[in-house]
Every structure is written in C-alpha cells, then in structure tokens.
Amino acid sequence: MANSSSISEFLLLALADMRQLQLLHFWLLLGIYLAALLGNGLISTAVACDHRLHTPMYFFLLNLALLDLGCISTTLPKAMASVVFDTHAISYAGCVVQVFMFVFFISAEYFLLTVMSYDRYVAICKPLHYGTLLGSRACATMAAAAWGTGLLHAVLHTANTFSLLFCQGNAVHQFFCEIPQLVKLSCSNSYLREMLLLVVSAALASGCFAFIVLSYVQIFRAVLRMPSEQGWHKAFSTCLPHLAVVSLFLSTGFFANLRPPSLSSPSLDLMMAFLYSVVPPTLNPLIYSMRNQELRDAVRKMMPWSHFSRDKLLICLCK
C-alpha cells in the first residue's frame, strides 16, 4: 500500500472554530462515547457471565456489542484527542489503521446482522429444529464468517484507497479518515479498479439485504398463521429489536453514502458521517434492552446497588 505521494499526515476536520464550541463538542462526544461503552459493555458482560443467556440469539448479540465497541472506539477517541491537544493531524499510518478498522467493524456488523436474521427465521419458522440448525459449532462458524468477511472487505478497501496518489492536499473534510473524503484528494486514474471494488461491495450488500428481507417475509408469514395473539406478541417481541437495529443501520448508511452529489456539503457530510458511525453503536444496546426482560434482569443482577436494595428489603421483611 505504499503511496508515491509525499504526504506524511492528514488534517482532520475541526468540529468548530471557537475554542468554547470545541470544548462543548468534546464533552458531548465524551458523553456519547461513555454511554456506548457502558451499554455495549454491560450487554457483553451480562451475556458472558449469565448462563441463562448462553443461547444463539445472545451469542450473536455479544458479537454485535463487541463490533459496536470497536466501531465507535475507532473514530471518537481520536476526535476527542484532537480537541484536547488542539491538533487535527493524523499520521499517514494512523489514517491507514483507522480506515481499515472502521471498514472492518462496520462491514462485519452488517454481515452479522444478516446472520442474526437467519437466527430469528429459524426461531420463528423452524422452532423444533432450532437446536439442530443453530448448535454451538454452527453459531461459531457463522460468527467467524461474519468477522472474516468483514476483514477481507476491509483489506480490499484499505489497499485500494491507499494505493492512490494523493495530490489534492491533505485536508480530510471529516472528523475521521473516511474513504470518500480521501478519494477526493486523489488524482490517480484508477476508475476501473474502483468500479470493480464498488461492484463487489454492492453485490455483497445487496445479497445480504435480500437475505434479510426474505427472512422477514417468511417470519411475517409464519406469524400471521399463528392462532393466538400471545404467539404474535412473543414472535414480534423477539424480532422487533433486530429489525429496529437493521433499519437504523441501513437507513443511516444509505443516507450517508447514496444521497445525490447536489446535497453534499461539509456540514451535511459531517452530520451524515456522525449518524452512521456513532448513532447505531450507541443506540443498539438501548434498542435490544427495551423489550428484552431476560437481558434487563441479567444486567440488573450485575449492578451492586440492586443486590444492596434486595438485601435491605429482605432484612426489612424479616423484621
């Protein structure tokens, strides 16, 4: 990935010109980052420690939480450090690493969400074969396939991006090293190579999207055939969190990358990048915990004040 240009560093976009606004943005980003760390960390710990959550659905949820942690940790810490040290430079190698890690985590998450749609399909449409089709080895294989495909996807995109010749300056108009902004700095004639990679990525994304849609078509057909409203409620309560996470992930990604060039502006590009890189990892834990009593109970058991309140209540009752 050696680049023949003389660029040794890139300059990331400052979130504001005034120092007071920069500090305000820092505290805002810090709050969002801590919320994402807390939410995904609690889910990861709860699933790992509570034996009742050692099921395929929660195994995939654990992987999703880890990917969300990696995704948001790739972008926000550098943005916050730029405010604290009042410097927006990132080294060439640091930009390479940031591009690779971000594409890896966000691609693996999309593939994992596809796998999770299959998990929901089997749970609703083939409940008697759930243990057979989604045994521990099958779950581990599917999760490894999602991580591995994301890794391959990241290698291809990173290699393609940093094989370009950057001759349009080194100012990246984004708060992290985003591929579309880096490509704008290039003057390399690599149209065919970029189109080939774009076609491959579009084919993978379309295939995953079609699989998710087909899975939910089958799920809705199975739910409509259920005789009781209780069965409807149980089926939708297990599928709605995943469907909400997929919708949030796809809608933010589509708006950020598929909007017309006429709607592009530095402020809008910044907002769109924030939406698809920061919002889903922060909201996913909240979405999954809202309608999942088992997960909420497992998280509550981990809280030291919950044990204190329970013990205090037992003492009062004994008196």
# chains A, B, ... in the order shown; residues from 1 in each chain; ligands from 1
>>> select_by_dssp(residues="range 23-242 of chain A", states="strand (DSSP E or B)", output="PyMOL selection string")
chain A and resi 89-91+166+171+186
>>> write_last_selection(atoms="all heavy atoms", output="PDB file, in the first residue's frame")
ATOM      1  N   ALA A  89      -4.060  16.809  13.220  1.00  0.00           N
ATOM      2  CA  ALA A  89      -3.235  15.985  12.339  1.00  0.00           C
ATOM      3  C   ALA A  89      -3.341  14.518  12.739  1.00  0.00           C
ATOM      4  O   ALA A  89      -3.436  14.179  13.917  1.00  0.00           O
ATOM      5  CB  ALA A  89      -1.782  16.444  12.404  1.00  0.00           C
ATOM      6  N   ILE A  90      -3.352  13.663  11.750  1.00  0.00           N
ATOM      7  CA  ILE A  90      -3.271  12.225  11.957  1.00  0.00           C
ATOM      8  C   ILE A  90      -2.232  11.684  10.992  1.00  0.00           C
ATOM      9  O   ILE A  90      -2.192  12.079   9.823  1.00  0.00           O
ATOM     10  CB  ILE A  90      -4.646  11.543  11.737  1.00  0.00           C
ATOM     11  CG1 ILE A  90      -4.547  10.035  12.022  1.00  0.00           C
ATOM     12  CG2 ILE A  90      -5.196  11.805  10.357  1.00  0.00           C
ATOM     13  CD1 ILE A  90      -5.897   9.320  12.013  1.00  0.00           C
ATOM     14  N   SER A  91      -1.354  10.851  11.474  1.00  0.00           N
ATOM     15  CA  SER A  91      -0.276  10.343  10.627  1.00  0.00           C
ATOM     16  C   SER A  91      -0.830   9.498   9.489  1.00  0.00           C
ATOM     17  O   SER A  91      -1.969   9.017   9.549  1.00  0.00           O
ATOM     18  CB  SER A  91       0.709   9.524  11.463  1.00  0.00           C
ATOM     19  OG  SER A  91       0.084   8.337  11.947  1.00  0.00           O
ATOM     20  N   PHE A 166      -2.183  10.849  -3.730  1.00  0.00           N
ATOM     21  CA  PHE A 166      -2.886  11.991  -3.169  1.00  0.00           C
ATOM     22  C   PHE A 166      -2.152  13.273  -3.570  1.00  0.00           C
ATOM     23  O   PHE A 166      -1.040  13.523  -3.114  1.00  0.00           O
ATOM     24  CB  PHE A 166      -2.970  11.887  -1.642  1.00  0.00           C
ATOM     25  CG  PHE A 166      -3.693  10.666  -1.165  1.00  0.00           C
ATOM     26  CD1 PHE A 166      -3.020   9.643  -0.529  1.00  0.00           C
ATOM     27  CD2 PHE A 166      -5.061  10.529  -1.370  1.00  0.00           C
ATOM     28  CE1 PHE A 166      -3.685   8.518  -0.088  1.00  0.00           C
ATOM     29  CE2 PHE A 166      -5.735   9.419  -0.928  1.00  0.00           C
ATOM     30  CZ  PHE A 166      -5.052   8.396  -0.291  1.00  0.00           C
ATOM     31  N   ALA A 171      -6.033  17.754   3.480  1.00  0.00           N
ATOM     32  CA  ALA A 171      -7.135  18.113   4.379  1.00  0.00           C
ATOM     33  C   ALA A 171      -8.328  17.208   4.130  1.00  0.00           C
ATOM     34  O   ALA A 171      -8.960  17.264   3.068  1.00  0.00           O
ATOM     35  CB  ALA A 171      -7.523  19.576   4.181  1.00  0.00           C
ATOM     36  N   SER A 186      -7.421  12.388  -4.295  1.00  0.00           N
ATOM     37  CA  SER A 186      -6.613  11.605  -5.224  1.00  0.00           C
ATOM     38  C   SER A 186      -6.679  12.180  -6.637  1.00  0.00           C
ATOM     39  O   SER A 186      -7.675  12.782  -7.049  1.00  0.00           O
ATOM     40  CB  SER A 186      -7.099  10.156  -5.242  1.00  0.00           C
ATOM     41  OG  SER A 186      -6.523   9.455  -6.307  1.00  0.00           O
TER      42      SER A 186
END
>>> select_by_dssp(residues="range 34-242 of chain A", states="alpha helix (DSSP H)", output="ChimeraX atom specification")
/A:34-49,56-84,92-125,130-133,136-161,179-183,191-224,229-242
>>> residues_around(residues="Ile179 in chain A", least_positions_apart="4", cutoff="12 Å", atoms="only C-alpha atoms", output="list of chain:residue names")
A:Cys95, A:Val96, A:Gln98, A:Val99, A:Phe100, A:Phe102, A:Val103, A:Ala154, A:His157, A:Thr158, A:Ala159, A:Asn160, A:Thr161, A:Phe162, A:Leu164, A:Val172, A:His173, A:Gln174, A:Phe175, A:Val183, A:Lys184, A:Leu185, A:Ser186, A:Glu194, A:Asn257, A:Ala273
>>> atom_distance(atom1="CA of Leu134 in chain A", atom2="CA of Leu214 in chain A")
18.7 Å
>>> atom_distance(atom1="CA of Thr45 in chain A", atom2="CA of Val299 in chain A")
8.3 Å
>>> residues_around(residues="range 50-66 of chain A", least_positions_apart="6", cutoff="8 Å", atoms="only C-alpha atoms", output="NGL selection string")
:A and (40-41 or 43-44 or 109 or 112-113 or 116 or 119-120 or 134-136 or 139 or 143 or 281 or 285 or 294-295 or 298)
>>> residues_around(residues="range 81-86 of chain A", least_positions_apart="4", cutoff="8 Å", atoms="only C-alpha atoms", output="MDAnalysis selection string")
chainID A and resid 22:23 26 77
>>> write_last_selection(atoms="N, CA and C atoms", output="compact mmCIF listing (two decimals), in the first residue's frame")
# COMPACT_ATOMS: atom_id res chain seq x y z
N GLN A 22 -15.51 24.00 20.65
CA GLN A 22 -14.74 22.77 20.58
C GLN A 22 -14.83 21.99 21.89
N LEU A 23 -14.72 22.69 23.01
CA LEU A 23 -14.83 22.03 24.31
C LEU A 23 -16.23 21.50 24.54
N PHE A 26 -16.42 18.39 22.70
CA PHE A 26 -15.66 17.34 23.40
C PHE A 26 -16.51 16.68 24.47
N PRO A 77 -12.43 8.47 19.97
CA PRO A 77 -11.26 8.85 20.77
C PRO A 77 -10.30 9.79 20.05
>>> residues_around(residues="Leu250 in chain A", least_positions_apart="3", cutoff="12 Å", atoms="only C-alpha atoms", output="PyMOL selection string")
chain A and resi 106-107+109-111+113-114+205-206+208-209+212+243-247+253-258+275-277+279-280
>>> write_last_selection(atoms="N, CA and C atoms", output="CSV table (one decimal), in the first residue's frame")
chain,number,residue,atom,x,y,z
A,106,ILE,N,-17.6,-2.1,10.7
A,106,ILE,CA,-18.9,-1.8,10.1
A,106,ILE,C,-19.3,-2.8,9.1
A,107,SER,N,-18.4,-3.4,8.3
A,107,SER,CA,-18.7,-4.5,7.4
A,107,SER,C,-19.1,-5.7,8.1
A,109,GLU,N,-20.3,-6.0,11.1
A,109,GLU,CA,-21.6,-5.8,11.7
A,109,GLU,C,-22.7,-6.0,10.7
A,110,TYR,N,-22.6,-5.6,9.5
A,110,TYR,CA,-23.7,-5.8,8.5
A,110,TYR,C,-23.8,-7.3,8.2
A,111,PHE,N,-22.7,-8.0,8.1
A,111,PHE,CA,-22.8,-9.4,7.9
A,111,PHE,C,-23.3,-10.2,9.1
A,113,LEU,N,-25.5,-8.9,11.2
A,113,LEU,CA,-27.0,-8.6,11.3
A,113,LEU,C,-27.7,-9.5,10.3
A,114,THR,N,-27.0,-9.9,9.2
A,114,THR,CA,-27.6,-10.8,8.2
A,114,THR,C,-27.7,-12.2,8.9
A,205,ALA,N,-23.5,-6.3,-0.4
A,205,ALA,CA,-24.5,-5.6,0.4
A,205,ALA,C,-25.9,-6.0,-0.1
A,206,SER,N,-26.1,-6.1,-1.4
A,206,SER,CA,-27.4,-6.4,-2.0
A,206,SER,C,-27.8,-7.8,-1.6
A,208,CYS,N,-26.9,-9.5,1.1
A,208,CYS,CA,-27.2,-9.5,2.5
A,208,CYS,C,-28.6,-8.9,2.7
A,209,PHE,N,-28.9,-7.8,2.0
A,209,PHE,CA,-30.2,-7.1,2.2
A,209,PHE,C,-31.3,-8.0,1.7
A,212,ILE,N,-32.0,-10.7,4.3
A,212,ILE,CA,-32.7,-10.2,5.4
A,212,ILE,C,-34.2,-10.0,5.1
A,243,LEU,N,-35.0,-6.1,14.0
A,243,LEU,CA,-35.5,-5.3,12.8
A,243,LEU,C,-35.2,-3.8,13.0
A,244,ALA,N,-35.3,-3.3,14.2
A,244,ALA,CA,-35.1,-1.9,14.5
A,244,ALA,C,-33.6,-1.6,14.3
A,245,VAL,N,-32.7,-2.5,14.8
A,245,VAL,CA,-31.3,-2.3,14.6
A,245,VAL,C,-30.9,-2.3,13.2
A,246,VAL,N,-31.4,-3.2,12.4
A,246,VAL,CA,-31.1,-3.3,11.0
A,246,VAL,C,-31.6,-2.1,10.2
A,247,SER,N,-32.8,-1.6,10.6
A,247,SER,CA,-33.4,-0.4,9.9
A,247,SER,C,-32.5,0.8,10.2
A,253,GLY,N,-26.7,4.4,6.9
A,253,GLY,CA,-25.7,4.1,5.9
A,253,GLY,C,-26.1,4.6,4.5
A,254,PHE,N,-27.4,4.3,4.1
A,254,PHE,CA,-27.9,4.7,2.8
A,254,PHE,C,-27.9,6.2,2.7
A,255,PHE,N,-28.4,6.9,3.7
A,255,PHE,CA,-28.5,8.4,3.6
A,255,PHE,C,-27.1,9.0,3.5
A,256,ALA,N,-26.1,8.4,4.1
A,256,ALA,CA,-24.8,8.9,4.1
A,256,ALA,C,-24.0,8.7,2.8
A,257,ASN,N,-24.3,7.5,2.2
A,257,ASN,CA,-23.5,7.2,1.0
A,257,ASN,C,-24.2,7.2,-0.3
A,258,LEU,N,-25.5,7.2,-0.3
A,258,LEU,CA,-26.3,7.2,-1.6
A,258,LEU,C,-27.1,8.4,-1.8
A,275,LEU,N,-24.0,10.2,11.9
A,275,LEU,CA,-25.2,9.4,12.1
A,275,LEU,C,-24.9,7.9,11.9
A,276,TYR,N,-24.1,7.6,10.8
A,276,TYR,CA,-23.9,6.2,10.5
A,276,TYR,C,-22.7,5.6,11.3
A,277,SER,N,-21.8,6.4,11.9
A,277,SER,CA,-20.7,5.8,12.6
A,277,SER,C,-20.8,5.9,14.1
A,279,VAL,N,-24.2,6.9,15.9
A,279,VAL,CA,-25.6,6.7,16.4
A,279,VAL,C,-25.9,5.2,16.6
A,280,PRO,N,-25.7,4.3,15.6
A,280,PRO,CA,-26.1,2.9,15.8
A,280,PRO,C,-25.3,2.2,16.9
>>> atom_distance(atom1="CA of Ser237 in chain A", atom2="CA of Val213 in chain A")
18.0 Å
>>> closest_residue(among="A:Ala235, A:Ile32, A:Met226, A:Ala48", to="Ile72 in chain A", atoms="only C-alpha atoms")
A:Ile32
>>> closest_residue(among="A:Met303, A:Leu268, A:Trp27, A:Thr75", to="Gly94 in chain A", atoms="only C-alpha atoms")
A:Thr75
>>> decode(residues="range 69-84 of chain A", atoms="all heavy atoms", output="mmCIF file, in the first residue's frame")
data_model
loop_
_atom_site.group_PDB
_atom_site.id
_atom_site.type_symbol
_atom_site.label_atom_id
_atom_site.label_comp_id
_atom_site.auth_asym_id
_atom_site.auth_seq_id
_atom_site.Cartn_x
_atom_site.Cartn_y
_atom_site.Cartn_z
ATOM 1 N N LEU A 69 -18.548 -1.704 19.960
ATOM 2 C CA LEU A 69 -17.467 -1.125 20.760
ATOM 3 C C LEU A 69 -16.261 -0.789 19.889
ATOM 4 O O LEU A 69 -15.662 0.286 20.015
ATOM 5 C CB LEU A 69 -17.052 -2.096 21.873
ATOM 6 C CG LEU A 69 -17.956 -2.197 23.093
ATOM 7 C CD1 LEU A 69 -17.490 -3.315 24.027
ATOM 8 C CD2 LEU A 69 -17.982 -0.865 23.853
ATOM 9 N N GLY A 70 -15.905 -1.711 19.002
ATOM 10 C CA GLY A 70 -14.771 -1.468 18.122
ATOM 11 C C GLY A 70 -15.028 -0.333 17.159
ATOM 12 O O GLY A 70 -14.147 0.509 16.906
ATOM 13 N N CYS A 71 -16.248 -0.271 16.615
ATOM 14 C CA CYS A 71 -16.588 0.750 15.623
ATOM 15 C C CYS A 71 -16.497 2.151 16.207
ATOM 16 O O CYS A 71 -15.853 3.035 15.641
ATOM 17 C CB CYS A 71 -17.986 0.475 15.070
ATOM 18 S SG CYS A 71 -18.498 1.617 13.767
ATOM 19 N N ILE A 72 -17.123 2.364 17.355
ATOM 20 C CA ILE A 72 -17.142 3.708 17.925
ATOM 21 C C ILE A 72 -15.791 4.076 18.534
ATOM 22 O O ILE A 72 -15.424 5.257 18.585
ATOM 23 C CB ILE A 72 -18.284 3.837 18.961
ATOM 24 C CG1 ILE A 72 -18.644 5.308 19.174
ATOM 25 C CG2 ILE A 72 -17.920 3.158 20.275
ATOM 26 C CD1 ILE A 72 -19.942 5.513 19.927
ATOM 27 N N SER A 73 -15.013 3.075 18.953
ATOM 28 C CA SER A 73 -13.689 3.347 19.508
ATOM 29 C C SER A 73 -12.673 3.675 18.423
ATOM 30 O O SER A 73 -11.580 4.165 18.729
ATOM 31 C CB SER A 73 -13.200 2.137 20.321
ATOM 32 O OG SER A 73 -14.033 1.909 21.437
ATOM 33 N N THR A 74 -13.008 3.413 17.183
ATOM 34 C CA THR A 74 -12.102 3.733 16.077
ATOM 35 C C THR A 74 -12.154 5.218 15.724
ATOM 36 O O THR A 74 -11.157 5.771 15.249
ATOM 37 C CB THR A 74 -12.482 2.904 14.834
ATOM 38 O OG1 THR A 74 -12.401 1.511 15.164
ATOM 39 C CG2 THR A 74 -11.550 3.179 13.673
ATOM 40 N N THR A 75 -13.274 5.875 15.960
ATOM 41 C CA THR A 75 -13.459 7.253 15.496
ATOM 42 C C THR A 75 -13.466 8.289 16.624
ATOM 43 O O THR A 75 -12.746 9.288 16.545
ATOM 44 C CB THR A 75 -14.771 7.370 14.705
ATOM 45 O OG1 THR A 75 -15.865 6.936 15.528
ATOM 46 C CG2 THR A 75 -14.712 6.507 13.452
ATOM 47 N N LEU A 76 -14.263 8.069 17.658
ATOM 48 C CA LEU A 76 -14.458 9.120 18.652
ATOM 49 C C LEU A 76 -13.216 9.443 19.492
ATOM 50 O O LEU A 76 -12.959 10.625 19.750
ATOM 51 C CB LEU A 76 -15.627 8.765 19.569
ATOM 52 C CG LEU A 76 -17.031 8.923 18.971
ATOM 53 C CD1 LEU A 76 -18.090 8.905 20.069
ATOM 54 C CD2 LEU A 76 -17.154 10.202 18.169
ATOM 55 N N PRO A 77 -12.428 8.473 19.970
ATOM 56 C CA PRO A 77 -11.256 8.849 20.771
ATOM 57 C C PRO A 77 -10.298 9.794 20.047
ATOM 58 O O PRO A 77 -9.776 10.738 20.643
ATOM 59 C CB PRO A 77 -10.594 7.493 21.077
ATOM 60 C CG PRO A 77 -11.726 6.526 21.061
ATOM 61 C CD PRO A 77 -12.627 7.004 19.964
ATOM 62 N N LYS A 78 -10.065 9.561 18.758
ATOM 63 C CA LYS A 78 -9.192 10.453 18.001
ATOM 64 C C LYS A 78 -9.810 11.833 17.868
ATOM 65 O O LYS A 78 -9.116 12.861 17.988
ATOM 66 C CB LYS A 78 -8.924 9.855 16.616
ATOM 67 C CG LYS A 78 -8.112 10.758 15.692
ATOM 68 C CD LYS A 78 -6.776 11.131 16.295
ATOM 69 C CE LYS A 78 -6.001 12.081 15.395
ATOM 70 N NZ LYS A 78 -4.752 12.569 16.038
ATOM 71 N N ALA A 79 -11.132 11.900 17.629
ATOM 72 C CA ALA A 79 -11.805 13.196 17.528
ATOM 73 C C ALA A 79 -11.714 13.966 18.838
ATOM 74 O O ALA A 79 -11.487 15.185 18.849
ATOM 75 C CB ALA A 79 -13.262 12.996 17.118
ATOM 76 N N MET A 80 -11.873 13.268 19.967
ATOM 77 C CA MET A 80 -11.770 13.931 21.263
ATOM 78 C C MET A 80 -10.342 14.352 21.568
ATOM 79 O O MET A 80 -10.100 15.433 22.119
ATOM 80 C CB MET A 80 -12.307 13.006 22.359
ATOM 81 C CG MET A 80 -13.811 12.780 22.285
ATOM 82 S SD MET A 80 -14.470 11.828 23.679
ATOM 83 C CE MET A 80 -13.753 10.211 23.347
ATOM 84 N N ALA A 81 -9.373 13.515 21.203
ATOM 85 C CA ALA A 81 -7.972 13.867 21.419
ATOM 86 C C ALA A 81 -7.578 15.095 20.603
ATOM 87 O O ALA A 81 -6.780 15.925 21.050
ATOM 88 C CB ALA A 81 -7.078 12.685 21.055
ATOM 89 N N SER A 82 -8.135 15.240 19.409
ATOM 90 C CA SER A 82 -7.837 16.411 18.584
ATOM 91 C C SER A 82 -8.288 17.694 19.265
ATOM 92 O O SER A 82 -7.623 18.729 19.166
ATOM 93 C CB SER A 82 -8.532 16.272 17.217
ATOM 94 O OG SER A 82 -8.036 15.158 16.504
ATOM 95 N N VAL A 83 -9.421 17.626 19.981
ATOM 96 C CA VAL A 83 -9.907 18.806 20.698
ATOM 97 C C VAL A 83 -9.032 19.092 21.905
ATOM 98 O O VAL A 83 -8.642 20.237 22.159
ATOM 99 C CB VAL A 83 -11.374 18.606 21.131
ATOM 100 C CG1 VAL A 83 -11.841 19.774 21.983
ATOM 101 C CG2 VAL A 83 -12.272 18.445 19.917
ATOM 102 N N VAL A 84 -8.685 18.058 22.657
ATOM 103 C CA VAL A 84 -7.905 18.245 23.890
ATOM 104 C C VAL A 84 -6.532 18.828 23.577
ATOM 105 O O VAL A 84 -6.072 19.777 24.231
ATOM 106 C CB VAL A 84 -7.774 16.912 24.646
ATOM 107 C CG1 VAL A 84 -6.789 17.046 25.803
ATOM 108 C CG2 VAL A 84 -9.128 16.456 25.161
#
